[in-house]
>>> print(open('target-v4.txt').read())   # compact mmCIF, C-alpha atoms
# COMPACT_ATOMS: atom_id res chain seq x y z
CA MET M 1321 28.23 9.02 18.60
CA SER M 1322 26.98 7.09 21.59
CA PHE M 1323 26.79 3.33 21.72
CA VAL M 1324 22.98 3.47 21.92
CA ARG M 1325 22.74 5.61 18.77
CA ARG M 1326 25.06 3.29 16.86
CA LEU M 1327 23.09 0.27 18.06
CA SER M 1328 19.83 1.96 17.11
CA GLY M 1329 21.21 2.75 13.64
CA LEU M 1330 22.40 -0.82 13.23
CA ALA M 1331 18.98 -2.16 14.26
CA ARG M 1332 17.25 0.13 11.74
CA SER M 1333 19.69 -0.96 9.04
CA CYS M 1334 19.02 -4.63 9.81
CA LEU M 1335 15.26 -4.12 9.76
CA THR M 1336 15.50 -2.29 6.43
CA SER M 1337 17.69 -5.05 5.02
CA CYS M 1338 15.24 -7.71 6.20
CA ALA M 1339 12.30 -5.78 4.75
CA VAL M 1340 14.05 -5.52 1.37
CA LYS M 1341 14.81 -9.25 1.36
CA LEU M 1342 11.24 -10.10 2.35
CA CYS M 1343 9.81 -7.88 -0.42
CA VAL M 1344 12.16 -9.38 -3.01
CA LEU M 1345 11.16 -12.88 -1.87
CA ARG M 1346 7.46 -12.00 -2.09
CA LEU M 1347 7.91 -10.49 -5.55
CA ASN M 1348 9.75 -13.61 -6.68
CA ARG M 1349 6.99 -15.86 -5.32
CA LEU M 1350 4.34 -13.74 -7.02
CA GLU M 1351 6.20 -13.87 -10.31
CA HIS M 1352 6.20 -17.66 -10.02
CA ARG M 1353 2.56 -17.73 -8.84
CA LYS M 1354 3.37 -19.20 -5.42
CA LEU M 1355 1.33 -16.55 -3.58
CA GLY M 1356 -2.28 -15.55 -4.08
CA GLY M 1357 -3.60 -19.09 -4.14
CA GLU M 1358 -5.43 -19.05 -0.81
CA ARG M 1359 -8.75 -17.71 -2.01
CA GLN M 1360 -11.64 -17.30 0.39
CA SER M 1361 -14.54 -14.98 1.03
CA VAL M 1362 -13.26 -11.61 2.25
CA ALA M 1363 -15.52 -8.95 3.76
CA LEU M 1364 -13.53 -6.18 2.12
CA HIS M 1365 -15.16 -3.38 4.12
CA GLU M 1366 -14.21 -5.09 7.39
CA GLN M 1367 -10.66 -5.81 6.25
CA LEU M 1368 -10.15 -2.21 5.12
CA ALA M 1369 -11.56 -0.90 8.42
CA GLN M 1370 -9.12 -3.10 10.38
CA CYS M 1371 -6.17 -1.92 8.29
CA ILE M 1372 -7.22 1.71 8.69
CA LEU M 1373 -7.34 1.29 12.48
CA GLN M 1374 -3.66 0.30 12.44
CA PHE M 1375 -2.81 3.80 11.15
CA GLU M 1376 -5.14 5.72 13.46
CA ASP M 1377 -2.36 6.73 15.90
CA ALA M 1378 -0.06 7.93 13.11
CA ILE M 1379 -2.91 9.90 11.56
CA GLU M 1380 -3.75 11.52 14.91
CA GLN M 1381 -0.09 12.29 15.68
CA LYS M 1382 0.24 14.15 12.37
CA GLY M 1383 -3.05 15.97 12.92
CA LEU M 1384 -4.55 14.60 9.71
CA SER M 1385 -8.22 14.09 8.98
CA LEU M 1386 -9.53 10.66 8.04
CA ASP M 1387 -12.55 10.12 5.84
CA CYS M 1388 -13.88 6.60 5.23
CA ASP M 1389 -16.81 5.64 3.05
CA LEU M 1390 -16.95 1.87 2.89
CA GLU M 1391 -19.84 0.02 1.30
CA GLU M 1392 -20.37 -3.58 2.38
CA VAL M 1393 -18.60 -5.61 -0.27
CA ALA M 1394 -17.46 -9.24 -0.15
CA ILE M 1395 -15.09 -10.77 -2.68
CA ILE M 1396 -13.37 -14.10 -3.22
CA SER M 1397 -9.65 -13.43 -2.97
CA ASP M 1398 -6.49 -13.95 -0.93
CA MET M 1399 -6.93 -12.18 2.41
CA GLY M 1400 -3.20 -12.00 3.22
CA CYS M 1401 -2.26 -10.53 -0.14
CA LEU M 1402 -5.04 -7.94 0.09
CA GLU M 1403 -3.92 -6.89 3.56
CA LEU M 1404 -0.44 -6.26 2.19
CA VAL M 1405 -1.94 -3.99 -0.51
CA TRP M 1406 -4.08 -1.94 1.90
CA ASN M 1407 -1.30 -1.55 4.46
CA ASN M 1408 1.15 -0.34 1.82
CA LEU M 1409 -1.25 2.17 0.28
CA LEU M 1410 -2.33 3.50 3.68
CA SER M 1411 1.24 3.68 4.95
CA ASN M 1412 2.28 5.72 1.93
CA ALA M 1413 -0.75 8.02 2.23
CA VAL M 1414 0.11 8.81 5.85
CA LYS M 1415 3.87 9.00 5.25
CA PHE M 1416 3.60 11.51 2.38
CA THR M 1417 0.89 13.71 3.93
CA ASP M 1418 1.88 16.43 6.39
CA LYS M 1419 -1.36 18.42 6.38
CA GLY M 1420 -4.90 17.77 5.25
CA GLY M 1421 -5.96 14.18 5.30
CA VAL M 1422 -6.43 10.70 4.00
CA SER M 1423 -9.61 9.24 2.57
CA VAL M 1424 -10.56 5.67 1.76
CA SER M 1425 -13.60 4.52 -0.16
CA LEU M 1426 -14.98 1.17 -1.23
CA ARG M 1427 -17.70 0.70 -3.82
CA LYS M 1428 -19.20 -2.18 -5.73
CA GLU M 1429 -19.30 -1.37 -9.44
CA GLY M 1430 -20.83 -4.18 -11.50
CA ASP M 1431 -18.73 -7.32 -11.02
CA HIS M 1432 -15.90 -5.40 -9.34
CA ALA M 1433 -14.91 -3.90 -6.01
CA VAL M 1434 -13.29 -0.47 -6.35
CA VAL M 1435 -11.09 0.86 -3.56
CA THR M 1436 -9.62 4.35 -3.61
CA VAL M 1437 -7.00 5.63 -1.20
CA SER M 1438 -6.47 9.39 -1.52
CA ASP M 1439 -4.32 11.88 0.33
CA THR M 1440 -3.61 15.60 0.31
CA GLY M 1441 0.12 15.01 0.57
CA CYS M 1442 3.06 16.05 -1.53
CA GLY M 1443 1.82 14.30 -4.66
CA MET M 1444 4.17 13.35 -7.46
CA SER M 1445 5.21 14.51 -10.89
CA ALA M 1446 3.97 12.84 -14.07
CA VAL M 1447 7.43 11.32 -14.56
CA THR M 1448 7.38 9.81 -11.08
CA GLY M 1449 3.85 8.52 -11.69
CA GLU M 1450 5.09 6.64 -14.76
CA HIS M 1451 7.72 4.79 -12.71
CA ILE M 1452 6.13 4.51 -9.28
CA PHE M 1453 5.28 0.81 -9.67
CA GLU M 1454 8.84 -0.19 -10.68
CA GLN M 1455 11.05 -2.13 -8.29
CA PHE M 1456 13.39 0.05 -6.17
CA TYR M 1457 11.99 3.28 -7.62
CA GLN M 1458 11.57 6.06 -5.08
CA GLY M 1459 10.13 9.28 -6.41
CA ASP M 1460 10.50 11.18 -3.13
CA THR M 1461 13.99 10.61 -1.76
CA SER M 1462 13.27 12.69 1.35
CA HIS M 1463 11.54 9.59 2.78
CA ALA M 1464 14.10 7.08 1.44
CA SER M 1465 15.06 5.96 4.94
CA GLU M 1466 11.43 4.95 5.56
CA GLY M 1467 11.13 2.62 2.57
CA ASN M 1468 12.96 0.53 0.03
CA GLY M 1469 11.21 1.25 -3.26
CA LEU M 1470 9.59 -2.17 -3.38
CA GLY M 1471 6.21 -1.58 -1.77
CA LEU M 1472 4.27 -0.32 -4.78
CA ALA M 1473 5.97 -2.83 -7.10
CA LEU M 1474 4.75 -5.55 -4.78
CA VAL M 1475 1.27 -3.99 -4.62
CA LYS M 1476 1.01 -3.91 -8.42
CA LYS M 1477 2.14 -7.52 -8.73
CA VAL M 1478 -0.32 -8.69 -6.05
CA ILE M 1479 -3.20 -6.86 -7.71
CA SER M 1480 -2.24 -8.38 -11.07
CA VAL M 1481 -2.07 -11.92 -9.66
CA LEU M 1482 -5.49 -11.39 -8.07
CA GLY M 1483 -6.91 -10.41 -11.46
CA GLY M 1484 -7.23 -6.71 -10.71
CA GLU M 1485 -5.85 -3.36 -11.78
CA ILE M 1486 -4.27 -0.40 -10.01
CA CYS M 1487 -3.71 3.13 -11.23
CA VAL M 1488 -2.65 6.43 -9.71
CA LYS M 1489 -3.61 10.03 -10.33
CA SER M 1490 -1.41 12.60 -8.69
CA GLU M 1491 -0.43 16.22 -8.79
CA GLU M 1492 2.62 17.69 -7.11
CA GLY M 1493 1.69 19.61 -3.99
CA LYS M 1494 -1.92 18.42 -4.07
CA GLY M 1495 -1.80 14.71 -3.29
CA SER M 1496 -2.39 11.32 -4.85
CA THR M 1497 -5.26 8.92 -5.43
CA PHE M 1498 -4.65 5.22 -5.90
CA ARG M 1499 -7.54 3.27 -7.42
CA VAL M 1500 -7.69 -0.51 -7.11
CA ILE M 1501 -10.21 -2.52 -9.11
CA LEU M 1502 -10.72 -6.15 -8.09
CA PRO M 1503 -13.08 -8.81 -9.43
CA LEU M 1504 -15.73 -9.93 -6.96
CA ALA M 1505 -14.85 -13.55 -7.79
CA ILE M 1506 -12.17 -15.16 -9.88
>>> encode(input="target-v4.txt", output="structure tokens")
Amino acid sequence: MSFVRRLSGLARSCLTSCAVKLCVLRLNRLEHRKLGGERQSVALHEQLAQCILQFEDAIEQKGLSLDCDLEEVAIISDMGCLELVWNNLLSNAVKFTDKGGVSVSLRKEGDHAVVTVSDTGCGMSAVTGEHIFEQFYQGDTSHASEGNGLGLALVKKVISVLGGEICVKSEEGKGSTFRVILPLAI
């Protein structure tokens, strides 16, 4: 193995280790309510659009379609925490989809904003769906080197701290849909 390959592997290992530590730290802060306190008006449609743009290259490289249907919705929430949620859900949708596409929608339903992130990826079994929000759980080990099993646990905790809910519907071989419901104001 060449020196460059070993160095590259070491760098990846360090980045993964740092990402795990950062996620554990964030989870700990959320559990002790030290995050999620910076509430402000968030134009959710604009924030989602900006997050989606960050994945545009990856979506194009994989030849996936992208469908966005974003109503104008503003909420009072923590912008940084929400960005973490959207980036995680979008990253997973792209990572686990090899053909087909990703769709994102935003709707105002009563006193709530409802965001759905759907993909036509590999989907997951009912058993995996029951555990997907647990720390360190990885339902699809074929992508284990690309994650640490903390992302969706962090997402669920953030959504909970912000007074919202998240659920997933999925079918193996057909894809997944994550639905996030957030109050317009807390």
>>> closest_residue(input="target-v4.txt", among="M:Val1437, M:Met1399, M:Leu1409, M:Leu1404", to="Thr1497 in chain M", atoms="all atoms listed in the file")
M:Val1437
>>> atom_distance(input="target-v4.txt", atom1="CA of Gln1374 in chain M", atom2="CA of Gly1420 in chain M")
18.9 Å
>>> atom_distance(input="target-v4.txt", atom1="CA of Glu1366 in chain M", atom2="CA of Gly1441 in chain M")
25.6 Å
>>> closest_residue(input="target-v4.txt", among="M:Leu1386, M:Leu1504, M:Val1488, M:Val1478", to="Met1444 in chain M", atoms="all atoms listed in the file")
M:Val1488
>>> atom_distance(input="target-v4.txt", atom1="CA of Asp1389 in chain M", atom2="CA of Val1435 in chain M")
10.0 Å
>>> residues_around(input="target-v4.txt", residues="Gly1443 in chain M", least_positions_apart="3", cutoff="10 Å", atoms="all atoms listed in the file", output="PyMOL selection string")
chain M and resi 1413+1416-1417+1439-1440+1446+1448-1449+1459-1460+1489-1497
>>> write_last_selection(input="target-v4.txt", atoms="C-alpha atoms", output="short mmCIF file (atom, residue, chain, number, x, y, z; two decimals), in the coordinates of the input")
data_model
loop_
_atom_site.label_atom_id
_atom_site.label_comp_id
_atom_site.auth_asym_id
_atom_site.auth_seq_id
_atom_site.Cartn_x
_atom_site.Cartn_y
_atom_site.Cartn_z
CA ALA M 1413 -0.75 8.02 2.23
CA PHE M 1416 3.60 11.51 2.38
CA THR M 1417 0.89 13.71 3.93
CA ASP M 1439 -4.32 11.88 0.33
CA THR M 1440 -3.61 15.60 0.31
CA ALA M 1446 3.97 12.84 -14.07
CA THR M 1448 7.38 9.81 -11.08
CA GLY M 1449 3.85 8.52 -11.69
CA GLY M 1459 10.13 9.28 -6.41
CA ASP M 1460 10.50 11.18 -3.13
CA LYS M 1489 -3.61 10.03 -10.33
CA SER M 1490 -1.41 12.60 -8.69
CA GLU M 1491 -0.43 16.22 -8.79
CA GLU M 1492 2.62 17.69 -7.11
CA GLY M 1493 1.69 19.61 -3.99
CA LYS M 1494 -1.92 18.42 -4.07
CA GLY M 1495 -1.80 14.71 -3.29
CA SER M 1496 -2.39 11.32 -4.85
CA THR M 1497 -5.26 8.92 -5.43
#
>>> closest_residue(input="target-v4.txt", among="M:Val1434, M:Leu1410, M:Leu1470, M:Ala1394", to="Leu1373 in chain M", atoms="all atoms listed in the file")
M:Leu1410
>>> residues_around(input="target-v4.txt", residues="Cys1371 in chain M", least_positions_apart="3", cutoff="8 Å", atoms="all atoms listed in the file", output="VMD selection string")
chain M and resid 1367 to 1368 1374 to 1375 1403 1406 to 1407
>>> write_last_selection(input="target-v4.txt", atoms="C-alpha atoms", output="short mmCIF file (atom, residue, chain, number, x, y, z; two decimals), in the frame of the given file")
data_model
loop_
_atom_site.label_atom_id
_atom_site.label_comp_id
_atom_site.auth_asym_id
_atom_site.auth_seq_id
_atom_site.Cartn_x
_atom_site.Cartn_y
_atom_site.Cartn_z
CA GLN M 1367 -10.66 -5.81 6.25
CA LEU M 1368 -10.15 -2.21 5.12
CA GLN M 1374 -3.66 0.30 12.44
CA PHE M 1375 -2.81 3.80 11.15
CA GLU M 1403 -3.92 -6.89 3.56
CA TRP M 1406 -4.08 -1.94 1.90
CA ASN M 1407 -1.30 -1.55 4.46
#
>>> closest_residue(input="target-v4.txt", among="M:Ser1361, M:Ser1480, M:Asn1408, M:Val1393", to="Gly1430 in chain M", atoms="only C-alpha atoms")
M:Val1393
>>> residues_around(input="target-v4.txt", residues="Glu1358 in chain M", least_positions_apart="3", cutoff="9 Å", atoms="only C-alpha atoms", output="VMD selection string")
chain M and resid 1355 1397 to 1400
>>> closest_residue(input="target-v4.txt", among="M:Ile1396, M:Ala1378, M:Ile1479, M:Leu1502", to="Val1422 in chain M", atoms="only C-alpha atoms")
M:Ala1378
>>> closest_residue(input="target-v4.txt", among="M:Val1475, M:Leu1482, M:Val1424, M:Cys1388", to="Thr1436 in chain M", atoms="only C-alpha atoms")
M:Val1424
